[in-house]
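Visitor: Okay, so here is entry_22.cif, and as you'll see once you scroll down, it has mmCIF, C-alpha atoms and all ligand atoms.
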```cif
data_start
loop_
_atom_site.label_atom_id
_atom_site.label_comp_id
_atom_site.auth_asym_id
_atom_site.auth_seq_id
_atom_site.Cartn_x
_atom_site.Cartn_y
_atom_site.Cartn_z
CA MET A 1 1.31 44.64 9.75
CA PRO A 2 2.29 41.17 10.98
CA GLU A 3 2.53 38.51 8.28
CA ARG A 4 -0.75 36.63 7.67
CA PHE A 5 -0.16 32.92 7.31
CA GLN A 6 -1.98 30.53 4.98
CA ALA A 7 -2.24 26.75 5.02
CA PRO A 8 0.70 25.33 3.00
CA ARG A 9 0.08 24.82 -0.74
CA GLY A 10 -1.89 21.66 -1.46
CA THR A 11 -3.23 21.33 2.09
CA SER A 12 -6.53 22.45 3.54
CA ASP A 13 -8.23 23.01 6.86
CA LEU A 14 -11.16 20.76 7.64
CA LEU A 15 -13.65 23.14 9.18
CA PRO A 16 -16.60 22.13 11.38
CA GLU A 17 -18.94 22.56 8.40
CA ASP A 18 -16.91 19.96 6.44
CA GLU A 19 -17.12 17.37 9.17
CA PRO A 20 -20.67 15.94 9.02
CA ASN A 21 -20.22 14.44 5.56
CA ARG A 22 -16.73 13.27 6.31
CA MET A 23 -17.84 11.60 9.51
CA ARG A 24 -20.69 9.95 7.63
CA LEU A 25 -18.12 8.50 5.22
CA LEU A 26 -15.83 7.27 7.99
CA ASN A 27 -18.78 5.69 9.78
CA ALA A 28 -19.87 4.00 6.55
CA GLY A 29 -16.33 2.64 6.14
CA ARG A 30 -16.22 1.38 9.71
CA GLU A 31 -19.58 -0.31 9.25
CA VAL A 32 -18.98 -1.95 5.87
CA LEU A 33 -15.50 -3.19 6.85
CA GLY A 34 -16.41 -4.00 10.46
CA ARG A 35 -19.24 -6.26 9.32
CA ALA A 36 -16.70 -8.13 7.18
CA GLY A 37 -14.39 -8.72 10.16
CA TYR A 38 -11.80 -5.98 9.53
CA GLY A 39 -10.16 -4.47 12.62
CA SER A 40 -8.77 -0.96 12.54
CA ILE A 41 -5.03 -0.26 12.48
CA GLU A 42 -3.02 2.94 12.83
CA THR A 43 0.62 3.37 11.96
CA PRO A 44 2.82 6.46 12.38
CA ILE A 45 2.56 9.35 9.95
CA PHE A 46 6.29 9.13 9.22
CA GLU A 47 8.52 6.13 8.59
CA ASP A 48 12.10 5.37 7.57
CA THR A 49 12.57 6.60 4.00
CA ALA A 50 14.02 3.23 2.98
CA LEU A 51 10.69 1.51 3.73
CA PHE A 52 9.03 3.37 0.86
CA GLU A 53 12.05 3.15 -1.45
CA ARG A 54 12.06 -0.62 -1.03
CA SER A 55 8.28 -1.16 -1.37
CA VAL A 56 6.80 1.58 -3.55
CA GLY A 57 9.92 1.31 -5.73
CA ALA A 58 12.96 3.52 -6.32
CA ALA A 59 11.98 4.07 -9.98
CA THR A 60 8.43 5.31 -9.32
CA ASP A 61 7.26 8.92 -9.47
CA VAL A 62 6.09 8.65 -5.87
CA VAL A 63 9.64 7.94 -4.64
CA GLN A 64 11.54 10.02 -7.19
CA LYS A 65 9.43 13.17 -7.16
CA GLU A 66 6.68 13.17 -4.58
CA MET A 67 7.96 12.25 -1.13
CA PHE A 68 8.29 14.71 1.74
CA THR A 69 11.67 13.51 2.99
CA PHE A 70 13.91 15.11 5.60
CA ASP A 71 16.63 14.23 8.10
CA ASP A 72 15.52 14.27 11.71
CA ARG A 73 17.74 15.76 14.41
CA GLY A 74 19.43 12.39 14.83
CA GLY A 75 20.42 12.33 11.15
CA ARG A 76 17.90 9.60 10.15
CA SER A 77 16.13 9.96 6.82
CA ILE A 78 12.41 10.22 7.51
CA THR A 79 9.50 10.38 5.05
CA LEU A 80 5.92 11.49 5.60
CA ARG A 81 3.98 8.43 4.48
CA PRO A 82 2.85 8.69 0.82
CA GLU A 83 0.70 5.56 1.18
CA GLY A 84 -0.38 3.02 3.79
CA THR A 85 0.35 -0.47 2.49
CA ALA A 86 4.10 -0.52 3.18
CA PRO A 87 3.70 0.73 6.79
CA ILE A 88 1.05 -1.92 7.48
CA CYS A 89 3.29 -4.67 6.08
CA ARG A 90 6.11 -3.31 8.26
CA ALA A 91 3.76 -3.53 11.28
CA TYR A 92 2.65 -7.07 10.31
CA ILE A 93 6.27 -8.23 10.33
CA GLU A 94 7.32 -6.21 13.38
CA HIS A 95 4.48 -7.54 15.54
CA GLY A 96 4.71 -11.15 14.36
CA MET A 97 1.17 -11.00 13.03
CA HIS A 98 1.78 -14.16 10.99
CA LYS A 99 1.07 -15.97 14.29
CA LEU A 100 -2.53 -14.73 14.26
CA ALA A 101 -5.29 -16.53 12.35
CA GLN A 102 -4.70 -15.80 8.66
CA PRO A 103 -5.55 -13.77 6.78
CA VAL A 104 -5.22 -10.69 8.98
CA LYS A 105 -7.80 -8.11 7.89
CA ALA A 106 -7.22 -4.49 8.79
CA TRP A 107 -8.63 -1.13 7.74
CA TYR A 108 -7.30 2.38 8.25
CA VAL A 109 -7.99 6.02 7.71
CA GLY A 110 -5.68 9.00 7.94
CA PRO A 111 -3.60 11.65 6.20
CA PHE A 112 -1.05 10.86 3.48
CA PHE A 113 1.47 13.15 1.79
CA ARG A 114 2.65 13.49 -1.79
CA TYR A 115 4.43 16.47 -3.29
CA GLU A 116 2.24 16.70 -6.39
CA ALA A 117 1.08 19.72 -8.40
CA PRO A 118 -2.16 20.67 -6.61
CA GLN A 119 -5.40 20.78 -8.61
CA ALA A 120 -9.03 19.78 -8.01
CA GLY A 121 -8.93 16.34 -6.38
CA ARG A 122 -5.12 16.32 -6.03
CA TYR A 123 -3.48 17.60 -2.87
CA ARG A 124 -0.18 17.40 -1.01
CA GLN A 125 -1.92 16.28 2.16
CA PHE A 126 -4.92 14.08 1.43
CA HIS A 127 -6.77 11.35 3.28
CA GLN A 128 -7.27 7.71 2.48
CA LEU A 129 -9.57 5.04 3.80
CA GLY A 130 -7.99 1.69 3.08
CA ALA A 131 -8.22 -2.04 3.72
CA GLU A 132 -5.55 -4.75 3.63
CA THR A 133 -5.94 -8.54 3.83
CA ILE A 134 -2.63 -10.22 4.61
CA GLY A 135 -1.92 -13.95 4.56
CA SER A 136 -4.03 -15.52 1.81
CA ASP A 137 -3.57 -15.87 -1.94
CA SER A 138 -7.17 -16.92 -2.54
CA PRO A 139 -9.08 -15.12 -5.32
CA LEU A 140 -11.87 -14.94 -2.72
CA VAL A 141 -9.82 -12.22 -1.00
CA ASP A 142 -9.51 -10.14 -4.18
CA ALA A 143 -13.23 -10.44 -4.91
CA GLU A 144 -14.22 -9.72 -1.30
CA LEU A 145 -12.05 -6.60 -1.20
CA ILE A 146 -13.46 -5.31 -4.49
CA GLY A 147 -17.01 -6.12 -3.34
CA LEU A 148 -16.58 -4.20 -0.08
CA LEU A 149 -15.13 -1.19 -1.87
CA ASP A 150 -17.98 -1.28 -4.38
CA GLU A 151 -20.51 -1.46 -1.53
CA LEU A 152 -18.88 1.45 0.29
CA LEU A 153 -18.65 3.73 -2.76
CA ARG A 154 -22.15 2.95 -4.05
CA GLY A 155 -23.70 3.08 -0.59
CA PHE A 156 -22.17 6.50 -0.07
CA GLY A 157 -23.62 7.71 -3.36
CA VAL A 158 -20.50 8.09 -5.51
CA ALA A 159 -21.92 8.79 -8.96
CA ALA A 160 -20.93 7.30 -12.32
CA LEU A 161 -18.64 4.59 -10.97
CA GLU A 162 -16.55 2.42 -13.22
CA LEU A 163 -14.37 -0.50 -12.14
CA ARG A 164 -11.24 -1.22 -14.19
CA LEU A 165 -9.64 -4.60 -13.67
CA GLY A 166 -6.34 -6.08 -14.76
CA SER A 167 -3.64 -8.53 -13.75
CA LEU A 168 0.14 -8.29 -13.70
CA GLY A 169 0.80 -11.99 -13.19
CA SER A 170 3.53 -13.21 -10.88
CA PRO A 171 7.18 -12.10 -11.01
CA GLY A 172 8.39 -14.77 -13.45
CA VAL A 173 5.84 -13.92 -16.14
CA ARG A 174 6.36 -10.25 -15.48
CA ALA A 175 10.14 -10.47 -15.96
CA THR A 176 9.73 -12.18 -19.33
CA TYR A 177 7.02 -9.73 -20.32
CA ARG A 178 9.12 -6.72 -19.31
CA GLU A 179 11.90 -7.95 -21.62
CA GLU A 180 9.41 -8.29 -24.46
CA LEU A 181 8.03 -4.80 -23.77
CA ARG A 182 11.52 -3.28 -23.57
CA ALA A 183 12.37 -4.72 -26.97
CA TYR A 184 9.09 -3.44 -28.42
CA LEU A 185 9.62 0.07 -26.97
CA ARG A 186 13.19 0.22 -28.26
CA ASP A 187 11.89 -0.60 -31.74
CA HIS A 188 9.60 2.45 -31.44
CA GLU A 189 11.94 4.68 -29.48
CA ALA A 190 11.67 7.65 -31.86
CA ASP A 191 7.94 8.06 -31.11
CA LEU A 192 8.23 7.93 -27.30
CA SER A 193 8.38 10.86 -24.89
CA GLU A 194 11.78 11.69 -23.43
CA ASP A 195 10.63 10.59 -19.96
CA VAL A 196 9.46 7.15 -21.13
CA ARG A 197 12.53 6.66 -23.32
CA SER A 198 14.88 7.41 -20.45
CA ARG A 199 13.21 4.76 -18.31
CA ILE A 200 12.83 1.89 -20.80
CA ASP A 201 15.39 -0.13 -18.87
CA GLU A 202 14.36 0.85 -15.39
CA ASN A 203 10.57 0.80 -15.65
CA PRO A 204 9.15 0.02 -19.12
CA LEU A 205 5.58 -0.32 -17.77
CA ARG A 206 5.59 3.43 -17.17
CA ALA A 207 4.90 3.86 -20.87
CA PHE A 208 1.31 2.74 -20.23
CA ASP A 209 0.38 5.73 -18.14
CA ALA A 210 2.22 8.34 -20.19
CA ALA A 211 0.03 11.24 -21.32
CA ASP A 212 1.71 12.21 -24.61
CA PRO A 213 0.02 11.12 -27.86
CA GLY A 214 3.22 9.66 -29.38
CA THR A 215 3.76 7.22 -26.53
CA GLN A 216 0.05 6.45 -26.34
CA ALA A 217 -0.02 5.47 -30.03
CA VAL A 218 2.97 3.16 -29.49
CA VAL A 219 1.51 1.44 -26.40
CA ALA A 220 -1.89 0.98 -28.05
CA GLU A 221 -0.18 -1.62 -30.28
CA ALA A 222 2.14 -3.05 -27.62
CA PRO A 223 1.77 -6.64 -26.38
CA THR A 224 -0.08 -6.76 -23.04
CA ILE A 225 0.70 -8.83 -19.99
CA LEU A 226 -2.84 -10.23 -19.98
CA GLU A 227 -2.02 -12.00 -23.26
CA ARG A 228 1.00 -13.59 -21.55
CA LEU A 229 -0.65 -14.84 -18.33
CA ASP A 230 -0.55 -18.60 -18.05
CA GLY A 231 -1.14 -21.47 -15.64
CA GLU A 232 -1.93 -20.41 -12.10
CA ASP A 233 -1.87 -16.68 -12.88
CA ALA A 234 -4.50 -17.08 -15.60
CA ASP A 235 -6.62 -19.35 -13.37
CA HIS A 236 -6.39 -16.88 -10.48
CA PHE A 237 -7.53 -14.01 -12.68
CA ALA A 238 -10.35 -16.09 -14.18
CA GLU A 239 -11.59 -16.99 -10.69
CA VAL A 240 -11.55 -13.34 -9.54
CA ARG A 241 -13.64 -12.44 -12.60
CA ALA A 242 -16.06 -15.34 -12.02
CA LEU A 243 -16.56 -14.28 -8.39
CA LEU A 244 -17.26 -10.68 -9.45
CA ASP A 245 -19.70 -11.91 -12.11
CA GLN A 246 -21.44 -14.03 -9.51
CA ALA A 247 -21.70 -11.01 -7.19
CA GLY A 248 -23.16 -8.90 -10.00
CA ILE A 249 -20.27 -6.43 -9.96
CA SER A 250 -19.58 -5.11 -13.43
CA TYR A 251 -16.08 -4.22 -14.57
CA GLU A 252 -14.03 -3.38 -17.62
CA ILE A 253 -10.96 -5.47 -18.31
CA GLU A 254 -8.11 -3.03 -18.74
CA PRO A 255 -5.15 -4.90 -20.31
CA ARG A 256 -2.88 -1.85 -19.93
CA LEU A 257 -3.73 -1.00 -16.34
CA VAL A 258 -0.60 -0.02 -14.44
CA ARG A 259 -0.46 1.64 -11.07
CA GLY A 260 2.13 4.07 -9.79
CA LEU A 261 3.45 1.67 -7.12
CA ASP A 262 5.85 -1.19 -7.79
CA TYR A 263 4.71 -3.78 -5.26
CA TYR A 264 1.77 -5.19 -7.18
CA SER A 265 1.44 -8.70 -8.59
CA ARG A 266 -1.57 -10.46 -10.12
CA THR A 267 -4.88 -8.59 -9.58
CA LEU A 268 -4.98 -4.80 -10.04
CA PHE A 269 -8.04 -2.59 -9.94
CA GLU A 270 -9.21 1.01 -9.91
CA PHE A 271 -12.57 2.65 -9.41
CA HIS A 272 -13.08 5.83 -11.44
CA SER A 273 -15.94 8.31 -11.34
CA ALA A 274 -16.95 10.28 -14.41
CA GLU A 275 -18.16 12.96 -11.96
CA LEU A 276 -14.54 13.93 -11.35
CA GLY A 277 -12.37 15.74 -13.86
CA ALA A 278 -8.79 14.78 -14.63
CA GLN A 279 -8.30 13.10 -11.24
CA SER A 280 -11.06 10.55 -11.82
CA GLN A 281 -9.51 7.71 -9.82
CA VAL A 282 -11.52 7.40 -6.61
CA ALA A 283 -9.81 4.27 -5.33
CA GLY A 284 -7.21 1.75 -6.32
CA GLY A 285 -5.62 -1.44 -5.14
CA GLY A 286 -4.50 -4.93 -5.91
CA ARG A 287 -2.54 -7.93 -4.81
CA TYR A 288 1.03 -7.59 -3.52
CA ASP A 289 2.15 -11.16 -2.89
CA GLY A 290 5.87 -10.36 -2.81
CA LEU A 291 5.93 -7.28 -0.58
CA ILE A 292 6.15 -8.82 2.90
CA GLU A 293 9.08 -10.97 1.80
CA GLU A 294 10.71 -7.95 0.16
CA LEU A 295 10.51 -6.21 3.54
CA GLY A 296 12.17 -9.11 5.37
CA GLY A 297 9.17 -11.23 6.38
CA ALA A 298 8.32 -14.79 5.35
CA PRO A 299 6.68 -15.14 1.91
CA THR A 300 3.11 -13.93 2.59
CA PRO A 301 0.48 -13.22 -0.06
CA ALA A 302 -1.69 -10.13 0.46
CA ALA A 303 -4.08 -7.71 -1.22
CA GLY A 304 -5.78 -4.40 -0.45
CA TRP A 305 -7.04 -1.03 -1.60
CA ALA A 306 -7.21 2.60 -0.63
CA ALA A 307 -9.86 5.18 -1.48
CA GLY A 308 -9.29 8.95 -1.54
CA ILE A 309 -11.62 10.59 0.96
CA GLU A 310 -11.57 14.02 -0.72
CA ARG A 311 -12.33 12.44 -4.10
CA ILE A 312 -15.24 10.40 -2.71
CA LEU A 313 -16.69 13.55 -1.16
CA LEU A 314 -16.29 15.41 -4.47
CA ALA A 315 -18.04 12.63 -6.40
CA ALA A 316 -20.98 12.07 -4.02
CA ALA A 317 -23.90 14.40 -3.37
CA PRO A 318 -23.86 15.70 0.22
CA THR A 319 -26.78 14.63 2.41
CA PRO A 320 -28.95 17.28 4.09
CA GLU A 321 -28.17 17.88 7.71
CA ALA A 322 -30.55 17.00 10.53
CA PRO A 323 -31.20 19.71 13.20
CA ALA A 324 -28.06 20.06 15.23
CA SER A 325 -29.40 20.47 18.77
CA ASP A 326 -32.39 19.26 20.73
CA VAL A 327 -32.71 22.20 23.10
CA PHE A 328 -31.48 25.77 23.30
CA VAL A 329 -31.60 27.16 26.83
CA ALA A 330 -32.37 30.91 26.75
CA VAL A 331 -32.70 33.42 29.55
CA ALA A 332 -35.33 36.16 29.62
CA ASP A 333 -33.40 37.90 32.38
CA GLU A 334 -29.70 38.23 33.21
CA SER A 335 -30.38 36.91 36.73
CA GLN A 336 -31.06 33.45 35.28
CA LYS A 337 -27.59 32.91 33.71
CA ARG A 338 -26.21 30.64 36.41
CA ARG A 339 -29.39 28.63 36.61
CA ALA A 340 -29.26 28.24 32.83
CA ALA A 341 -25.63 27.06 32.90
CA ALA A 342 -26.46 24.39 35.49
CA LEU A 343 -29.48 23.22 33.51
CA VAL A 344 -27.48 23.05 30.26
CA ALA A 345 -24.93 20.76 31.90
CA GLU A 346 -27.67 18.60 33.40
CA LEU A 347 -29.54 18.22 30.10
CA ARG A 348 -26.31 17.33 28.30
CA ARG A 349 -25.55 14.67 30.92
CA ALA A 350 -29.03 13.29 30.23
CA GLY A 351 -27.91 12.77 26.63
CA LEU A 352 -29.48 15.76 24.88
CA ALA A 353 -27.66 18.03 22.44
CA VAL A 354 -27.96 21.40 24.14
CA GLU A 355 -26.77 24.89 23.26
CA THR A 356 -27.03 28.19 25.03
CA ASP A 357 -26.01 31.80 24.50
CA LEU A 358 -22.36 32.57 25.24
CA ALA A 359 -22.30 36.08 23.81
CA GLY A 360 -24.69 38.17 25.96
CA ARG A 361 -27.53 38.39 23.38
CA SER A 362 -30.97 39.86 24.09
CA LEU A 363 -33.86 37.35 24.28
CA LYS A 364 -34.74 38.17 20.66
CA GLY A 365 -31.10 37.60 19.69
CA GLN A 366 -31.07 34.29 21.58
CA LEU A 367 -34.15 33.03 19.72
CA LYS A 368 -32.57 34.00 16.42
CA HIS A 369 -29.40 32.19 17.38
CA ALA A 370 -31.39 29.10 18.46
CA ASP A 371 -32.88 29.05 14.98
CA ARG A 372 -29.45 29.40 13.39
CA VAL A 373 -28.03 26.42 15.33
CA GLY A 374 -31.04 24.31 14.33
CA ALA A 375 -32.48 23.82 17.83
CA ALA A 376 -35.74 21.83 17.91
CA HIS A 377 -36.92 23.49 21.17
CA VAL A 378 -36.02 26.57 23.19
CA LEU A 379 -36.40 26.58 26.95
CA ILE A 380 -36.76 30.17 28.20
CA LEU A 381 -35.95 30.77 31.88
CA GLU A 382 -37.78 33.77 33.33
CA ALA A 383 -36.84 36.11 36.17
CA ASP A 384 -39.54 34.87 38.55
CA GLY A 385 -38.33 31.29 38.31
CA ALA A 386 -40.98 30.31 35.72
CA ALA A 387 -40.14 28.83 32.33
CA GLN A 388 -41.55 28.58 28.81
CA VAL A 389 -40.85 26.05 26.10
CA ARG A 390 -41.03 26.97 22.42
CA ASP A 391 -41.34 24.47 19.59
CA MET A 392 -39.15 25.97 16.86
CA SER A 393 -40.88 24.23 13.96
CA SER A 394 -44.46 25.24 14.88
CA GLY A 395 -43.60 28.44 16.79
CA GLU A 396 -45.95 27.29 19.57
CA GLN A 397 -44.93 28.45 23.04
CA ARG A 398 -46.30 27.37 26.43
CA SER A 399 -45.47 27.52 30.12
CA ILE A 400 -43.66 24.60 31.59
CA ASP A 401 -43.08 23.69 35.22
CA PRO A 402 -39.33 24.32 35.70
CA ALA A 403 -39.10 21.34 38.06
CA SER A 404 -40.37 18.95 35.40
CA ALA A 405 -38.73 20.69 32.40
CA MET A 406 -35.73 18.43 32.72
CA GLU A 407 -37.74 15.18 32.57
CA GLU A 408 -40.05 16.47 29.92
CA LEU A 409 -37.28 17.60 27.57
CA ALA A 410 -35.10 14.56 28.21
CA GLY A 411 -38.06 12.28 27.55
CA ARG A 412 -38.85 13.73 24.14
P1 LIG B 1 -3.07 4.96 -4.84
O1 LIG B 1 -3.82 4.61 -6.09
O2 LIG B 1 -1.75 5.60 -5.01
O3 LIG B 1 -2.93 3.60 -4.03
O4 LIG B 1 -3.96 5.88 -3.93
C1 LIG B 1 -5.26 5.49 -3.56
C2 LIG B 1 -6.22 6.65 -3.69
O5 LIG B 1 -5.75 7.77 -2.93
C3 LIG B 1 -6.39 7.20 -5.09
O6 LIG B 1 -7.33 6.42 -5.82
C4 LIG B 1 -6.89 8.59 -4.84
O7 LIG B 1 -8.30 8.58 -4.62
C5 LIG B 1 -6.20 8.97 -3.54
N1 LIG B 1 -5.05 9.85 -3.81
C6 LIG B 1 -3.80 9.50 -4.19
N2 LIG B 1 -3.01 10.58 -4.32
C7 LIG B 1 -3.78 11.66 -4.05
C8 LIG B 1 -3.56 13.07 -3.99
N3 LIG B 1 -2.36 13.61 -4.26
N4 LIG B 1 -4.61 13.88 -3.66
C9 LIG B 1 -5.82 13.36 -3.37
N5 LIG B 1 -6.09 12.02 -3.38
C10 LIG B 1 -5.09 11.19 -3.72
C11 LIG B 1 -2.33 3.47 -2.82
O8 LIG B 1 -2.00 4.40 -2.13
C12 LIG B 1 -2.18 2.03 -2.38
N6 LIG B 1 -1.54 2.02 -1.03
C13 LIG B 1 -3.50 1.32 -2.37
C14 LIG B 1 -3.40 -0.11 -1.95
C15 LIG B 1 -3.69 -0.62 -0.75
N7 LIG B 1 -2.94 -1.10 -2.70
C16 LIG B 1 -2.96 -2.21 -1.99
N8 LIG B 1 -3.39 -1.93 -0.80
#
```
Please lay out the structure from this file as structure tokens.
Guide:
Amino acid sequence: MPERFQAPRGTSDLLPEDEPNRMRLLNAGREVLGRAGYGSIETPIFEDTALFERSVGAATDVVQKEMFTFDDRGGRSITLRPEGTAPICRAYIEHGMHKLAQPVKAWYVGPFFRYEAPQAGRYRQFHQLGAETIGSDSPLVDAELIGLLDELLRGFGVAALELRLGSLGSPGVRATYREELRAYLRDHEADLSEDVRSRIDENPLRAFDAADPGTQAVVAEAPTILERLDGEDADHFAEVRALLDQAGISYEIEPRLVRGLDYYSRTLFEFHSAELGAQSQVAGGGRYDGLIEELGGAPTPAAGWAAGIERILLAAAPTPEAPASDVFVAVADESQKRRAAALVAELRRAGLAVETDLAGRSLKGQLKHADRVGAAHVLILEADGAAQVRDMSSGEQRSIDPASAMEELAGR
């Protein structure tokens, strides 16, 4: 027996039956973001490994444990993109997009790759729909991005949504805070997990998303960066909150919110859905004012988010499907096959959704199949050149003049 292959672990096939809901989501994204002036952008599925090391951060789980990295045949280190923000910043710099009217607003959708332990809502190939606004530090940007994401998720019917909001301040405050946190964690080293302890120097903020009870008890008492925000950082965060209040968007302030990517500064946010189990984060994002400069561009403030398509689909009720085709062309006699094929093509060119039998079924079998594909009407071509039309919802059937069948069906 030849070996039977399966899709690689953590990946899945998107079958035709999965598509209607997915397309509805992509269309909703295009509409919500298009109305707000976002243009779509696509970057390659793989990039230089160093791009992600430099942006996502060498000390993060994403870079240390989750990237699909390999050498290409020319010996270059390549990585399947684990996220979309760094590639878009790379494209912004590469194409001199600072010369366009600022901020540049772009949205994207596509597959992303992380070598994670697969479980419900967590895959090795998943899809994100994201938006980035590059070239403005205004709190209006943060609030607009959050508002659009809220509109998209609610409009699509994601249940039990909760918005968590925090701020990391700018690099100066963060450096001082990190020192304070390091000192605090060292004082409580004995209660921390091995993983957190080994990274106190490298990445002390990691302690905040550790799962073990010992570390959690220590961080519950730790100083938070929100308590240390001052001056412009505090004003920026206050303005983002005021704009969300004004828009009627409710949120929880999460003083210990950290995200698994190093490029963030100031505003951070996540949408969670209680409908989902352990992987409750439907979307996440924030401001990344230092990233473009870090990647070799001029200092350029920016913010954005990405939502997990699979998680949105898990957390929203699917909508019922409308009938799939307008007309099913059936033949009562073999001799009509060619005539049927020509008519099918003609009706499709007239804009109708048309199906026909491709498997040599009897007339009874064709009618059954028409029902299965959700056809609204069946046009039956008879041996003597006559035709009948059957309304599939009422079962009513009548003769129709074959010459006018085309106009009549197209005009429905
Ligand atoms: P992220 O929080 O790492 O952010 O991912 C965004 C979303 O992608 C998550 O909320 C989740 O829904 C989905 N996601 C992540 N990993 C997986 C996985 N293994 N399986 C299924 N879904 C997953 C980012 O990627 C940032 N680039 C967002 C951003 C844009 N920040 C600023 N601009």
Visitor: Using only C-alpha atoms and all ligand atoms, find each protein or nucleic acid residue lying at most 8 Å from ligand LIG 1 (chain B); present the set as a VMD selection string.
Guide: chain A and resid 82 to 86 113 to 116 118 121 to 128 130 to 132 259 to 261 264 270 to 271 279 to 288 303 to 312
Visitor: Taking the point (8.0, -8.6, -15.0) as given in the file, collect each protein or nucleic acid residue that comes within 12 Å of it, counting all atoms listed in the file, and present the set as a count of residues only.
Guide: 30
Visitor: Given only C-alpha atoms as the basis, pick out the residue of A:Val62, A:Ile146, A:Ala278, A:Val373 nearest to A:Ala211.
Guide: A:Ala278
Visitor: If you count only C-alpha atoms, which residues fall within 12 Å of A:Asp72, apart from same-chain ones fewer than 4 positions away, as a list in words?
Guide: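 Close residues of A:Asp72: Phe46, Glu47, Asp48, Thr49, Arg76, Ser77, Ile78, Thr79 and Leu80 of chain A.
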Visitor: If you measure from atom CA of A:Tyr38 to atom CA of A:Ile134, what distance in Å do you get, rounded to one decimal?
Guide: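 If I compute the distance from atom CA of A:Tyr38 to atom CA of A:Ile134, I get 11.2 Å.
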Visitor: Rank nothing, just name the residue among A:Arg361, A:Arg348, A:Gly385, A:Leu51 nearest to A:Ser399, using only C-alpha atoms.
Guide: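 Nearest candidate to A:Ser399 out of A:Arg361, A:Arg348, A:Gly385, A:Leu51: A:Gly385.
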